[in-house]
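Chemist: This is the structure, below, for whatever I ask next.
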Amino acid sequence: MLYSVRSKLIASLLGVALLVGSVSLFTGVHLLKTHVIDEATNRVRLDLNTALEMYQARIKNMRTALSITTLGSGFMDALANRNQSDLVYRLGRMAHHAELDFAGIVTGDGQVLCRIGPHAMMSAAAVDNPIWKLALERKAPVDGTVVLTREMLVAEDPELAERARIPLRARAESTQAAGDDEISGLALAAGIPVFKDNAVLGVLYGGKLLNRDDTLVDTVRDTVFLGETYKGHNIGTATIFLNDLRIATNVLTPDGKRAIGTRVSTEVGNTVLTKGQPWTGRAFVVSDWYIAAYTPLEDIFGRRVGMLYVGVVEEKYSNIQSQALTVFILITAAGMLLAVGFGFLLANLIMGPVHRLIKASRQVSEGSLHPDIGPIQKGEFGRLQKTFAEMVEAMGRRRAASESKIIQSEKQASVGRLAAGVAHEINNPLTGVLTYTHMLLRRKDIDAEMRNDLETIAAATERVRKIVKGLLDFSRQTKLDPEPTDVNRLIGGTVALLENQALVKGVAIKFIEGEKLPLVILDRSQMQSVLMNLIINALDATQPGGSIKIYSASGLSGNGASQKGVEITVADTGSGIHPEDMDKLFDPFFTTKAVGQGTGLGLSVSQGIVQRHGGHIRVQSELGKGTRFFVWLPIEKQAGSYEDTRG
Amino acid sequence: MKILVVDDEGIVLDSCRRILASEGLEVIMAGSVDEALKILEQHPRPLPLLLMDVKMPVHDGMYLMQQIKEKGLEIKMIVMSGYPTDETIARAAKLGAATFIAKPFTPEELLEKVLSVARKGDSHE
Ligand SMILES: Nc1ncnc2c1ncn2[C@@H]1O[C@H](COP(=O)(O)OP(=O)(O)OP(=O)(O)O)[C@@H](O)[C@H]1O
Ligand SMILES: [Mg+2]
């Protein structure tokens, strides 16, 4: 079964399906991986740029708001006059509009004149805010990111300091303890110096604390990623780091809280904060894999003080991949299923008729000559069926032929054995009968009547002797004594022996010699007895006035074999043979002649002789018109070798 | 002229005796090969002619011819058989048979064979 055409067919189709399936699977997955992930990485990189733009825009906006305030009518006067209440009012309005967490005015010599918040008018302990300090130093507007210490924050507003405090959470991969709370703040700030007569009259400053401020990161998320969600979560996330600590983020911890107070991985921290290079790639952020991009944030002094991050949940993309993978696998599986089904169908289509033929051959080998080969199909298979049918038919014909041959030779053999035994036993007493009869006939003292009776005995005994001799001739499988023979001479001699007999009967006998006949190697005396019998048979069947013609000619054997040979024809215009007798002619003892006239052994013996020469005898007869016997003898080989030795 | 006839069938022996005697031959008869060998041994003068059957019980004609050949006896042999096959004839010829005659035969046929063999011998001597 394993080696059946069906399983081979299915296996090969399956193989093809598997190959095609797996190749497309692998290339597909590979393409997806590189394309989708690359695409996502690129997109995240661009998104980070956008986020950075937004970050910068915030700073610029802040600076613009401050600048506009310094240019407002009466601001100069209020500052010059140090009209604190007016200035506080103006600061308050500005801070409200620009959503500032802190703002204040510093005099040209570095004294805080006023600020928003609880310490509006009192000048607190000398805590310098780097933003106005730099603006004073540079005598130029300053804006950017600043790190504010707890003291600075307290000075601005104790509430701010409180908001800035971020309790540290343990980092999953970190072996370090959580450590102390972060108490510094990261802020966007700007400081605008106000000049009068080329001297700095003061500095207007303001800023926004980024610690725990979700607005920037959420805006980034909502504008850059358009609030796209995956499985109920935003796929896009953004984070602002103070150093490696998340201070504002919309990355969520597994319990759904913002992951503030967690640290970035050491690898990212090293690249971005220590080396100052942007970082993109697959990153494990808090509790999920993200396709992430980080960029360092520098403060107004050019120090790297933090990072900005955006990232998209990788799962969305890997899910696309696994979905595609599933689809590919399904297609492959379907292909294989189809291959199996197709293979079965195809195998049935091909093997159905083959099985039928196999069954038919089995029937033939079991003896049937009419196997069921089914309807003849078109194409090669039909040809196979036809050839098979022809073969079976030919077998049938051959079998019939060989069966009749076997029957014939078995008949001859059994008759032969019987004849041999009988002949031997009969011949001894027959010797006695013949001898005594003839001895009696020699005597002179017998009367005519007795002589007559004795002569009858002698004649009858002679007949018995002839019958026994015929039997012996028939049974004797005498070896051939072949010699190269001119067939025409042999026939001529035989005809001459019988001419007298024909003349007496009034039957014309004529031999028409074939020309240029090859010599045939044959047993002359045996072949002569064959011819004698044929001609005597013809004579017996032909009425006075009829004729017998004998022909010789070169001829092929017929029977499909087409061997070269010589054909002798004995044709008469006699009685013809009854169709029902045709297949009995060659049976031993078959005769239609009167008792004592024929033994019925002539044709049987003749056939044996001709067959031993490798030839055959055929008959054609028409009742009332005549009969033709054809004796065909082969010349090939024997004749050839004879010619060789002669030449 | 003497002739030894060997056959297991009495009727054949008698037939041969009557035919041959009618032509003046002196016929000695033997019913078996052993008897024939005894006669050949005991006979004072070598016998000139022998007519024998082939198929006989105990020892057959072929055996007799072989014995004669081995003993170097000068005797003309005629073989007869009721079932003459080419092989029998060929073997008999090899063993020194002068001629062969098929049973049954008429007196004329037998005499012709025997006398021609006898005459051949005479002309030689
Ligand atoms: N030329 C012929 N025309 C008509 N019938 C023939 C011819 N040749 C043979 N037969 C028929 O075939 C029979 C058998 O022929 P076969 O030669 O075998 O035996 P037979 O002639 O009867 O006897 P036998 O040849 O032994 O003397 C004949 O009895 C005769 O009926
Ligand atoms: Mg005949």
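Letters for chains follow the order of the structure tokens (A, B, ...), residue numbers begin at 1 for each chain, and ligand numbers begin at 1 in the order shown.
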Counting only C-alpha atoms and all ligand atoms, what residues are within 10 Å of ligand 2, given as number ranges by chain?

Modeler: A: 530, 532-540, 590-591, 593, 597-606

Chemist: With a cut-off of 12 Å and counting only C-alpha atoms, select all residues of chain B in contact with chain A and give the selection as an mmCIF file with N, CA, C and O atoms, in the first residue's frame.

Modeler:
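Output file part-v9.cif follows:
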```cif
data_model
loop_
_atom_site.group_PDB
_atom_site.id
_atom_site.type_symbol
_atom_site.label_atom_id
_atom_site.label_comp_id
_atom_site.auth_asym_id
_atom_site.auth_seq_id
_atom_site.Cartn_x
_atom_site.Cartn_y
_atom_site.Cartn_z
ATOM 1 N N ASP B 7 12.869 -68.611 -32.399
ATOM 2 C CA ASP B 7 11.676 -67.803 -32.116
ATOM 3 C C ASP B 7 10.966 -68.433 -30.938
ATOM 4 O O ASP B 7 10.975 -69.662 -30.778
ATOM 5 N N ASP B 8 10.336 -67.628 -30.102
ATOM 6 C CA ASP B 8 9.640 -68.167 -28.935
ATOM 7 C C ASP B 8 8.241 -68.662 -29.311
ATOM 8 O O ASP B 8 7.580 -69.315 -28.523
ATOM 9 N N GLU B 9 7.766 -68.280 -30.521
ATOM 10 C CA GLU B 9 6.426 -68.684 -30.936
ATOM 11 C C GLU B 9 6.501 -69.952 -31.792
ATOM 12 O O GLU B 9 7.129 -69.949 -32.870
ATOM 13 N N GLY B 10 5.848 -70.974 -31.348
ATOM 14 C CA GLY B 10 5.885 -72.248 -32.062
ATOM 15 C C GLY B 10 5.371 -72.156 -33.487
ATOM 16 O O GLY B 10 5.964 -72.713 -34.415
ATOM 17 N N ILE B 11 4.301 -71.361 -33.648
ATOM 18 C CA ILE B 11 3.689 -71.266 -34.973
ATOM 19 C C ILE B 11 4.635 -70.632 -35.968
ATOM 20 O O ILE B 11 4.662 -71.014 -37.158
ATOM 21 N N VAL B 12 5.449 -69.686 -35.484
ATOM 22 C CA VAL B 12 6.414 -69.040 -36.362
ATOM 23 C C VAL B 12 7.528 -70.034 -36.698
ATOM 24 O O VAL B 12 7.941 -70.156 -37.860
ATOM 25 N N LEU B 13 7.983 -70.729 -35.650
ATOM 26 C CA LEU B 13 9.026 -71.737 -35.875
ATOM 27 C C LEU B 13 8.572 -72.763 -36.931
ATOM 28 O O LEU B 13 9.294 -73.059 -37.883
ATOM 29 N N ASP B 14 7.355 -73.225 -36.735
ATOM 30 C CA ASP B 14 6.842 -74.247 -37.643
ATOM 31 C C ASP B 14 6.673 -73.700 -39.060
ATOM 32 O O ASP B 14 7.007 -74.371 -40.042
ATOM 33 N N SER B 15 6.160 -72.485 -39.163
ATOM 34 C CA SER B 15 5.997 -71.844 -40.472
ATOM 35 C C SER B 15 7.327 -71.771 -41.170
ATOM 36 O O SER B 15 7.435 -72.133 -42.359
ATOM 37 N N CYS B 16 8.329 -71.286 -40.492
ATOM 38 C CA CYS B 16 9.650 -71.120 -41.087
ATOM 39 C C CYS B 16 10.202 -72.483 -41.518
ATOM 40 O O CYS B 16 10.760 -72.615 -42.614
ATOM 41 N N ARG B 17 10.044 -73.442 -40.602
ATOM 42 C CA ARG B 17 10.553 -74.786 -40.937
ATOM 43 C C ARG B 17 9.927 -75.275 -42.245
ATOM 44 O O ARG B 17 10.618 -75.726 -43.143
ATOM 45 N N ARG B 18 8.590 -75.136 -42.393
ATOM 46 C CA ARG B 18 7.919 -75.669 -43.554
ATOM 47 C C ARG B 18 8.313 -74.921 -44.813
ATOM 48 O O ARG B 18 8.504 -75.531 -45.880
ATOM 49 N N ILE B 19 8.437 -73.616 -44.721
ATOM 50 C CA ILE B 19 8.819 -72.833 -45.914
ATOM 51 C C ILE B 19 10.233 -73.182 -46.345
ATOM 52 O O ILE B 19 10.487 -73.499 -47.523
ATOM 53 N N LEU B 20 11.143 -73.155 -45.371
ATOM 54 C CA LEU B 20 12.552 -73.356 -45.707
ATOM 55 C C LEU B 20 12.817 -74.809 -46.144
ATOM 56 O O LEU B 20 13.595 -75.041 -47.081
ATOM 57 N N ALA B 21 12.150 -75.710 -45.454
ATOM 58 C CA ALA B 21 12.332 -77.126 -45.795
ATOM 59 C C ALA B 21 11.841 -77.400 -47.212
ATOM 60 O O ALA B 21 12.408 -78.234 -47.922
ATOM 61 N N SER B 22 10.809 -76.673 -47.622
ATOM 62 C CA SER B 22 10.259 -76.869 -48.956
ATOM 63 C C SER B 22 11.289 -76.541 -50.026
ATOM 64 O O SER B 22 11.194 -76.988 -51.157
ATOM 65 N N GLU B 23 12.275 -75.772 -49.679
ATOM 66 C CA GLU B 23 13.336 -75.429 -50.631
ATOM 67 C C GLU B 23 14.589 -76.256 -50.354
ATOM 68 O O GLU B 23 15.666 -75.918 -50.841
ATOM 69 N N ASP B 53 14.096 -64.130 -34.251
ATOM 70 C CA ASP B 53 13.164 -63.065 -33.844
ATOM 71 C C ASP B 53 13.932 -62.089 -32.952
ATOM 72 O O ASP B 53 15.000 -62.411 -32.431
ATOM 73 N N VAL B 54 13.387 -60.889 -32.824
ATOM 74 C CA VAL B 54 14.058 -59.910 -31.945
ATOM 75 C C VAL B 54 13.494 -60.011 -30.543
ATOM 76 O O VAL B 54 14.205 -60.185 -29.560
ATOM 77 N N LYS B 55 12.148 -59.877 -30.442
ATOM 78 C CA LYS B 55 11.536 -59.802 -29.117
ATOM 79 C C LYS B 55 11.232 -61.202 -28.597
ATOM 80 O O LYS B 55 10.363 -61.891 -29.108
ATOM 81 N N MET B 56 12.027 -61.613 -27.598
ATOM 82 C CA MET B 56 11.809 -62.913 -26.973
ATOM 83 C C MET B 56 11.992 -62.768 -25.475
ATOM 84 O O MET B 56 12.735 -61.884 -25.034
ATOM 85 N N MET B 80 14.115 -61.077 -37.921
ATOM 86 C CA MET B 80 12.713 -60.826 -38.244
ATOM 87 C C MET B 80 12.040 -60.228 -37.021
ATOM 88 O O MET B 80 12.441 -60.476 -35.884
ATOM 89 N N SER B 81 11.003 -59.401 -37.330
ATOM 90 C CA SER B 81 10.313 -58.783 -36.202
ATOM 91 C C SER B 81 8.873 -58.452 -36.572
ATOM 92 O O SER B 81 8.586 -58.102 -37.718
ATOM 93 N N GLY B 82 7.995 -58.532 -35.607
ATOM 94 C CA GLY B 82 6.592 -58.151 -35.825
ATOM 95 C C GLY B 82 6.406 -56.652 -35.616
ATOM 96 O O GLY B 82 5.346 -56.087 -35.880
ATOM 97 N N TYR B 83 7.441 -56.026 -35.114
ATOM 98 C CA TYR B 83 7.314 -54.584 -34.846
ATOM 99 C C TYR B 83 8.614 -53.916 -35.239
ATOM 100 O O TYR B 83 9.388 -53.493 -34.410
ATOM 101 N N PRO B 84 8.837 -53.827 -36.552
ATOM 102 C CA PRO B 84 10.120 -53.273 -36.986
ATOM 103 C C PRO B 84 10.155 -51.755 -36.898
ATOM 104 O O PRO B 84 9.346 -51.090 -37.518
ATOM 105 N N THR B 85 11.049 -51.280 -36.072
ATOM 106 C CA THR B 85 11.244 -49.825 -36.035
ATOM 107 C C THR B 85 12.611 -49.531 -36.614
ATOM 108 O O THR B 85 13.445 -50.439 -36.728
ATOM 109 N N ASP B 86 12.818 -48.298 -36.952
ATOM 110 C CA ASP B 86 14.109 -47.901 -37.522
ATOM 111 C C ASP B 86 15.240 -48.251 -36.576
ATOM 112 O O ASP B 86 16.317 -48.666 -36.996
ATOM 113 N N GLU B 87 14.957 -48.053 -35.263
ATOM 114 C CA GLU B 87 16.001 -48.307 -34.280
ATOM 115 C C GLU B 87 16.393 -49.785 -34.253
ATOM 116 O O GLU B 87 17.576 -50.117 -34.233
ATOM 117 N N THR B 88 15.360 -50.625 -34.240
ATOM 118 C CA THR B 88 15.644 -52.064 -34.206
ATOM 119 C C THR B 88 16.479 -52.461 -35.406
ATOM 120 O O THR B 88 17.483 -53.180 -35.273
ATOM 121 N N ILE B 89 16.062 -51.980 -36.565
ATOM 122 C CA ILE B 89 16.764 -52.343 -37.805
ATOM 123 C C ILE B 89 18.214 -51.856 -37.743
ATOM 124 O O ILE B 89 19.150 -52.593 -38.044
ATOM 125 N N ALA B 90 18.379 -50.600 -37.264
ATOM 126 C CA ALA B 90 19.718 -50.022 -37.205
ATOM 127 C C ALA B 90 20.598 -50.819 -36.238
ATOM 128 O O ALA B 90 21.761 -51.108 -36.545
ATOM 129 N N ILE B 101 13.618 -58.869 -42.005
ATOM 130 C CA ILE B 101 12.313 -59.165 -42.616
ATOM 131 C C ILE B 101 11.212 -58.933 -41.590
ATOM 132 O O ILE B 101 11.370 -59.255 -40.404
ATOM 133 N N ALA B 102 10.137 -58.244 -42.075
ATOM 134 C CA ALA B 102 9.040 -57.928 -41.171
ATOM 135 C C ALA B 102 8.031 -59.059 -41.175
ATOM 136 O O ALA B 102 7.718 -59.628 -42.216
ATOM 137 N N LYS B 103 7.539 -59.411 -39.995
ATOM 138 C CA LYS B 103 6.436 -60.371 -39.870
ATOM 139 C C LYS B 103 5.140 -59.611 -40.063
ATOM 140 O O LYS B 103 5.060 -58.471 -39.608
ATOM 141 N N PRO B 104 4.108 -60.094 -40.670
ATOM 142 C CA PRO B 104 4.076 -61.416 -41.307
ATOM 143 C C PRO B 104 4.645 -61.368 -42.723
ATOM 144 O O PRO B 104 4.720 -60.300 -43.293
ATOM 145 N N PHE B 105 4.978 -62.554 -43.191
ATOM 146 C CA PHE B 105 5.523 -62.612 -44.545
ATOM 147 C C PHE B 105 4.904 -63.805 -45.270
ATOM 148 O O PHE B 105 4.412 -64.750 -44.642
ATOM 149 N N THR B 106 4.931 -63.711 -46.579
ATOM 150 C CA THR B 106 4.473 -64.870 -47.363
ATOM 151 C C THR B 106 5.681 -65.788 -47.547
ATOM 152 O O THR B 106 6.822 -65.327 -47.409
ATOM 153 N N PRO B 107 5.444 -67.069 -47.892
ATOM 154 C CA PRO B 107 6.577 -67.977 -48.088
ATOM 155 C C PRO B 107 7.558 -67.425 -49.115
ATOM 156 O O PRO B 107 8.765 -67.510 -48.906
ATOM 157 N N GLU B 108 7.037 -66.827 -50.170
ATOM 158 C CA GLU B 108 7.916 -66.298 -51.220
ATOM 159 C C GLU B 108 8.849 -65.229 -50.670
ATOM 160 O O GLU B 108 10.041 -65.200 -50.978
ATOM 161 N N GLU B 109 8.279 -64.334 -49.878
ATOM 162 C CA GLU B 109 9.079 -63.230 -49.327
ATOM 163 C C GLU B 109 10.220 -63.764 -48.470
ATOM 164 O O GLU B 109 11.370 -63.328 -48.581
ATOM 165 N N LEU B 110 9.907 -64.725 -47.590
ATOM 166 C CA LEU B 110 10.938 -65.250 -46.703
ATOM 167 C C LEU B 110 12.028 -65.962 -47.506
ATOM 168 O O LEU B 110 13.220 -65.733 -47.287
ATOM 169 N N LEU B 111 11.592 -66.783 -48.458
ATOM 170 C CA LEU B 111 12.566 -67.533 -49.248
ATOM 171 C C LEU B 111 13.496 -66.607 -50.009
ATOM 172 O O LEU B 111 14.704 -66.820 -50.051
#
```

Chemist: Apply DSSP to the backbone of this structure and, from stretch 69-313 of chain A, keep only the residues in strand (DSSP E); write these as an MDAnalysis selection string.

Modeler: chainID A and resid 102:107 112:115 142:148 185:196 199:209 229:230 233:234 236:242 245:249 279:285 288:298 304:313

Chemist: Using only C-alpha atoms, please write the residues we just selected to a file, as a PDB file, in the first residue's frame.

Modeler:
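Listing of result.pdb after writing:
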```
ATOM      1  CA  PHE A 102       5.791  79.471  38.641  1.00  0.00           C
ATOM      2  CA  ALA A 103       6.686  82.971  37.544  1.00  0.00           C
ATOM      3  CA  GLY A 104       8.440  85.948  39.045  1.00  0.00           C
ATOM      4  CA  ILE A 105      10.445  89.070  38.519  1.00  0.00           C
ATOM      5  CA  VAL A 106      14.012  89.577  39.586  1.00  0.00           C
ATOM      6  CA  THR A 107      15.696  92.899  39.821  1.00  0.00           C
ATOM      7  CA  VAL A 112      13.446  88.574  43.682  1.00  0.00           C
ATOM      8  CA  LEU A 113      11.003  91.407  43.429  1.00  0.00           C
ATOM      9  CA  CYS A 114       7.849  89.422  43.374  1.00  0.00           C
ATOM     10  CA  ARG A 115       6.441  86.087  42.235  1.00  0.00           C
ATOM     11  CA  VAL A 142      16.909  82.281  28.049  1.00  0.00           C
ATOM     12  CA  ASP A 143      14.526  79.393  27.638  1.00  0.00           C
ATOM     13  CA  GLY A 144      14.665  75.639  27.888  1.00  0.00           C
ATOM     14  CA  THR A 145      14.703  72.831  30.336  1.00  0.00           C
ATOM     15  CA  VAL A 146      15.860  73.348  33.860  1.00  0.00           C
ATOM     16  CA  VAL A 147      16.307  71.106  36.833  1.00  0.00           C
ATOM     17  CA  LEU A 148      15.002  72.723  39.981  1.00  0.00           C
ATOM     18  CA  GLY A 185      11.817  68.816  39.530  1.00  0.00           C
ATOM     19  CA  LEU A 186      12.234  69.089  35.800  1.00  0.00           C
ATOM     20  CA  ALA A 187      10.720  72.229  34.379  1.00  0.00           C
ATOM     21  CA  LEU A 188      10.278  74.132  31.164  1.00  0.00           C
ATOM     22  CA  ALA A 189      11.204  77.679  31.770  1.00  0.00           C
ATOM     23  CA  ALA A 190      12.073  80.980  30.162  1.00  0.00           C
ATOM     24  CA  GLY A 191      13.605  84.192  31.439  1.00  0.00           C
ATOM     25  CA  ILE A 192      13.360  87.521  29.653  1.00  0.00           C
ATOM     26  CA  PRO A 193      15.595  90.376  30.772  1.00  0.00           C
ATOM     27  CA  VAL A 194      14.071  93.885  30.640  1.00  0.00           C
ATOM     28  CA  PHE A 195      16.457  96.656  29.773  1.00  0.00           C
ATOM     29  CA  LYS A 196      16.437 100.346  30.470  1.00  0.00           C
ATOM     30  CA  ALA A 199      21.148  98.305  31.932  1.00  0.00           C
ATOM     31  CA  VAL A 200      19.159  95.276  33.017  1.00  0.00           C
ATOM     32  CA  LEU A 201      16.197  96.557  34.905  1.00  0.00           C
ATOM     33  CA  GLY A 202      15.058  93.096  35.805  1.00  0.00           C
ATOM     34  CA  VAL A 203      14.229  89.624  34.544  1.00  0.00           C
ATOM     35  CA  LEU A 204      10.758  88.270  34.040  1.00  0.00           C
ATOM     36  CA  TYR A 205      10.818  84.472  34.419  1.00  0.00           C
ATOM     37  CA  GLY A 206       8.303  81.702  34.418  1.00  0.00           C
ATOM     38  CA  GLY A 207       8.032  78.007  33.991  1.00  0.00           C
ATOM     39  CA  LYS A 208       6.126  74.860  34.167  1.00  0.00           C
ATOM     40  CA  LEU A 209       6.989  71.883  36.319  1.00  0.00           C
ATOM     41  CA  THR A 229      -6.074  51.847  20.909  1.00  0.00           C
ATOM     42  CA  TYR A 230      -5.275  48.173  20.926  1.00  0.00           C
ATOM     43  CA  HIS A 233      -5.120  50.345  25.735  1.00  0.00           C
ATOM     44  CA  ASN A 234      -3.537  53.191  23.885  1.00  0.00           C
ATOM     45  CA  GLY A 236       1.110  54.916  21.658  1.00  0.00           C
ATOM     46  CA  THR A 237       2.837  56.101  24.819  1.00  0.00           C
ATOM     47  CA  ALA A 238       5.044  59.024  25.720  1.00  0.00           C
ATOM     48  CA  THR A 239       7.229  59.697  28.733  1.00  0.00           C
ATOM     49  CA  ILE A 240       9.388  62.458  30.106  1.00  0.00           C
ATOM     50  CA  PHE A 241      12.354  61.356  32.183  1.00  0.00           C
ATOM     51  CA  LEU A 242      14.279  63.245  34.779  1.00  0.00           C
ATOM     52  CA  LEU A 245      13.279  58.308  36.144  1.00  0.00           C
ATOM     53  CA  ARG A 246       9.778  58.527  34.733  1.00  0.00           C
ATOM     54  CA  ILE A 247       8.269  61.750  36.012  1.00  0.00           C
ATOM     55  CA  ALA A 248       5.466  62.179  33.519  1.00  0.00           C
ATOM     56  CA  THR A 249       4.148  59.296  31.471  1.00  0.00           C
ATOM     57  CA  TRP A 279      17.957  55.046  20.911  1.00  0.00           C
ATOM     58  CA  THR A 280      15.384  53.152  18.872  1.00  0.00           C
ATOM     59  CA  GLY A 281      14.337  49.552  18.972  1.00  0.00           C
ATOM     60  CA  ARG A 282      12.511  46.938  20.839  1.00  0.00           C
ATOM     61  CA  ALA A 283      12.393  47.744  24.494  1.00  0.00           C
ATOM     62  CA  PHE A 284      10.779  46.292  27.532  1.00  0.00           C
ATOM     63  CA  VAL A 285       9.011  49.238  29.057  1.00  0.00           C
ATOM     64  CA  ASP A 288       5.329  45.231  28.031  1.00  0.00           C
ATOM     65  CA  TRP A 289       7.436  45.122  24.942  1.00  0.00           C
ATOM     66  CA  TYR A 290       7.393  48.343  22.977  1.00  0.00           C
ATOM     67  CA  ILE A 291       8.891  49.575  19.806  1.00  0.00           C
ATOM     68  CA  ALA A 292      10.480  52.588  21.410  1.00  0.00           C
ATOM     69  CA  ALA A 293      12.514  55.677  20.677  1.00  0.00           C
ATOM     70  CA  TYR A 294      14.392  57.769  23.238  1.00  0.00           C
ATOM     71  CA  THR A 295      16.139  61.068  22.842  1.00  0.00           C
ATOM     72  CA  PRO A 296      18.137  62.975  25.461  1.00  0.00           C
ATOM     73  CA  LEU A 297      16.857  66.284  26.914  1.00  0.00           C
ATOM     74  CA  GLU A 298      19.475  68.942  27.675  1.00  0.00           C
ATOM     75  CA  ARG A 304      21.775  65.953  29.771  1.00  0.00           C
ATOM     76  CA  VAL A 305      19.171  65.989  32.417  1.00  0.00           C
ATOM     77  CA  GLY A 306      16.459  63.777  31.065  1.00  0.00           C
ATOM     78  CA  MET A 307      14.906  61.957  28.151  1.00  0.00           C
ATOM     79  CA  LEU A 308      11.853  62.071  25.989  1.00  0.00           C
ATOM     80  CA  TYR A 309      10.346  58.779  24.920  1.00  0.00           C
ATOM     81  CA  VAL A 310       7.622  57.590  22.602  1.00  0.00           C
ATOM     82  CA  GLY A 311       6.753  53.999  21.918  1.00  0.00           C
ATOM     83  CA  VAL A 312       4.075  51.753  20.460  1.00  0.00           C
ATOM     84  CA  VAL A 313       2.994  48.471  21.885  1.00  0.00           C
TER      85      VAL A 313
END
```

Chemist: Within 12 Å of A:Glu393, counting only C-alpha atoms, which residues show up once you throw out same-chain ones fewer than 5 positions away? Write them as a VMD selection string, please.

Modeler: chain A and resid 364 368 to 371 386 to 388 398 to 400

Chemist: Stretch 364-454 of chain A: which residues are helix (DSSP H, G or I) by DSSP, as a PyMOL selection string?

Modeler: chain A and resi 364-365+379-442+448-454

Chemist: Just the selected residues (C-alpha atoms), exported as a compact mmCIF listing (two decimals), in the first residue's frame, please.

Modeler:
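Produced file part.txt, reproduced below:
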```
# COMPACT_ATOMS: atom_id res chain seq x y z
CA VAL A 364 -7.34 -14.30 -17.51
CA SER A 365 -4.78 -16.10 -15.36
CA GLY A 379 -6.15 8.23 -24.94
CA GLU A 380 -3.22 6.05 -23.90
CA PHE A 381 -5.25 4.07 -21.49
CA GLY A 382 -7.77 3.18 -24.11
CA ARG A 383 -4.92 1.94 -26.25
CA LEU A 384 -3.69 -0.16 -23.35
CA GLN A 385 -7.17 -1.62 -22.92
CA LYS A 386 -7.45 -2.39 -26.61
CA THR A 387 -4.02 -3.99 -26.68
CA PHE A 388 -4.95 -6.03 -23.63
CA ALA A 389 -8.19 -7.17 -25.25
CA GLU A 390 -6.30 -8.09 -28.42
CA MET A 391 -3.73 -9.97 -26.40
CA VAL A 392 -6.43 -11.98 -24.62
CA GLU A 393 -8.10 -12.73 -27.91
CA ALA A 394 -4.82 -13.85 -29.43
CA MET A 395 -4.22 -16.02 -26.39
CA GLY A 396 -7.64 -17.55 -26.89
CA ARG A 397 -6.92 -18.31 -30.50
CA ARG A 398 -3.54 -19.75 -29.72
CA ARG A 399 -4.90 -21.79 -26.86
CA ALA A 400 -7.63 -23.22 -29.07
CA ALA A 401 -5.02 -24.06 -31.65
CA SER A 402 -2.62 -25.65 -29.21
CA GLU A 403 -5.44 -27.50 -27.47
CA SER A 404 -6.53 -29.09 -30.70
CA LYS A 405 -2.89 -29.86 -31.44
CA ILE A 406 -2.47 -31.49 -28.04
CA ILE A 407 -5.65 -33.49 -28.47
CA GLN A 408 -4.47 -34.55 -31.87
CA SER A 409 -1.05 -35.68 -30.72
CA GLU A 410 -2.46 -37.38 -27.63
CA LYS A 411 -4.83 -39.26 -29.84
CA GLN A 412 -1.97 -40.25 -32.07
CA ALA A 413 0.17 -41.31 -29.15
CA SER A 414 -2.45 -43.52 -27.55
CA VAL A 415 -3.41 -45.05 -30.85
CA GLY A 416 0.27 -45.56 -31.49
CA ARG A 417 0.84 -47.42 -28.21
CA LEU A 418 -2.19 -49.59 -28.80
CA ALA A 419 -1.18 -50.25 -32.38
CA ALA A 420 2.33 -51.25 -31.44
CA GLY A 421 1.12 -53.77 -28.88
CA VAL A 422 -1.59 -55.21 -31.11
CA ALA A 423 0.59 -55.35 -34.19
CA HIS A 424 3.30 -57.24 -32.44
CA GLU A 425 0.90 -59.82 -31.11
CA ILE A 426 -1.01 -60.16 -34.37
CA ASN A 427 1.98 -60.48 -36.62
CA ASN A 428 3.15 -63.84 -35.21
CA PRO A 429 -0.12 -65.70 -35.77
CA LEU A 430 -0.53 -63.86 -39.03
CA THR A 431 2.79 -65.32 -40.15
CA GLY A 432 1.35 -68.74 -39.48
CA VAL A 433 -1.86 -68.05 -41.35
CA LEU A 434 -0.05 -66.67 -44.36
CA THR A 435 2.49 -69.48 -44.43
CA TYR A 436 0.01 -72.34 -44.07
CA THR A 437 -2.39 -70.85 -46.59
CA HIS A 438 0.33 -70.41 -49.15
CA MET A 439 1.78 -73.84 -48.43
CA LEU A 440 -1.66 -75.35 -48.96
CA LEU A 441 -2.08 -73.41 -52.17
CA ARG A 442 1.16 -74.93 -53.47
CA ALA A 448 -10.89 -75.78 -57.39
CA GLU A 449 -13.40 -74.97 -54.66
CA MET A 450 -10.82 -75.49 -51.93
CA ARG A 451 -8.26 -73.45 -53.88
CA ASN A 452 -10.81 -70.67 -54.14
CA ASP A 453 -11.44 -70.73 -50.40
CA LEU A 454 -7.72 -70.73 -49.66
```

Chemist: So the first atom is atom CA of A:His30 and the second is atom CA of A:Lys231; what is the distance between them in Å, to one decimal place?

Modeler: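 Those two atoms sit 25.3 Å apart.
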
Chemist: Go through A:Arg489, A:Arg612, A:Lys466, A:Lys516 and flag the residue nearest ligand 1, using only C-alpha atoms and all ligand atoms for the distances.

Modeler: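 Checking each of A:Arg489, A:Arg612, A:Lys466, A:Lys516 against ligand 1, counting only C-alpha atoms and all ligand atoms, the winner is A:Lys466.
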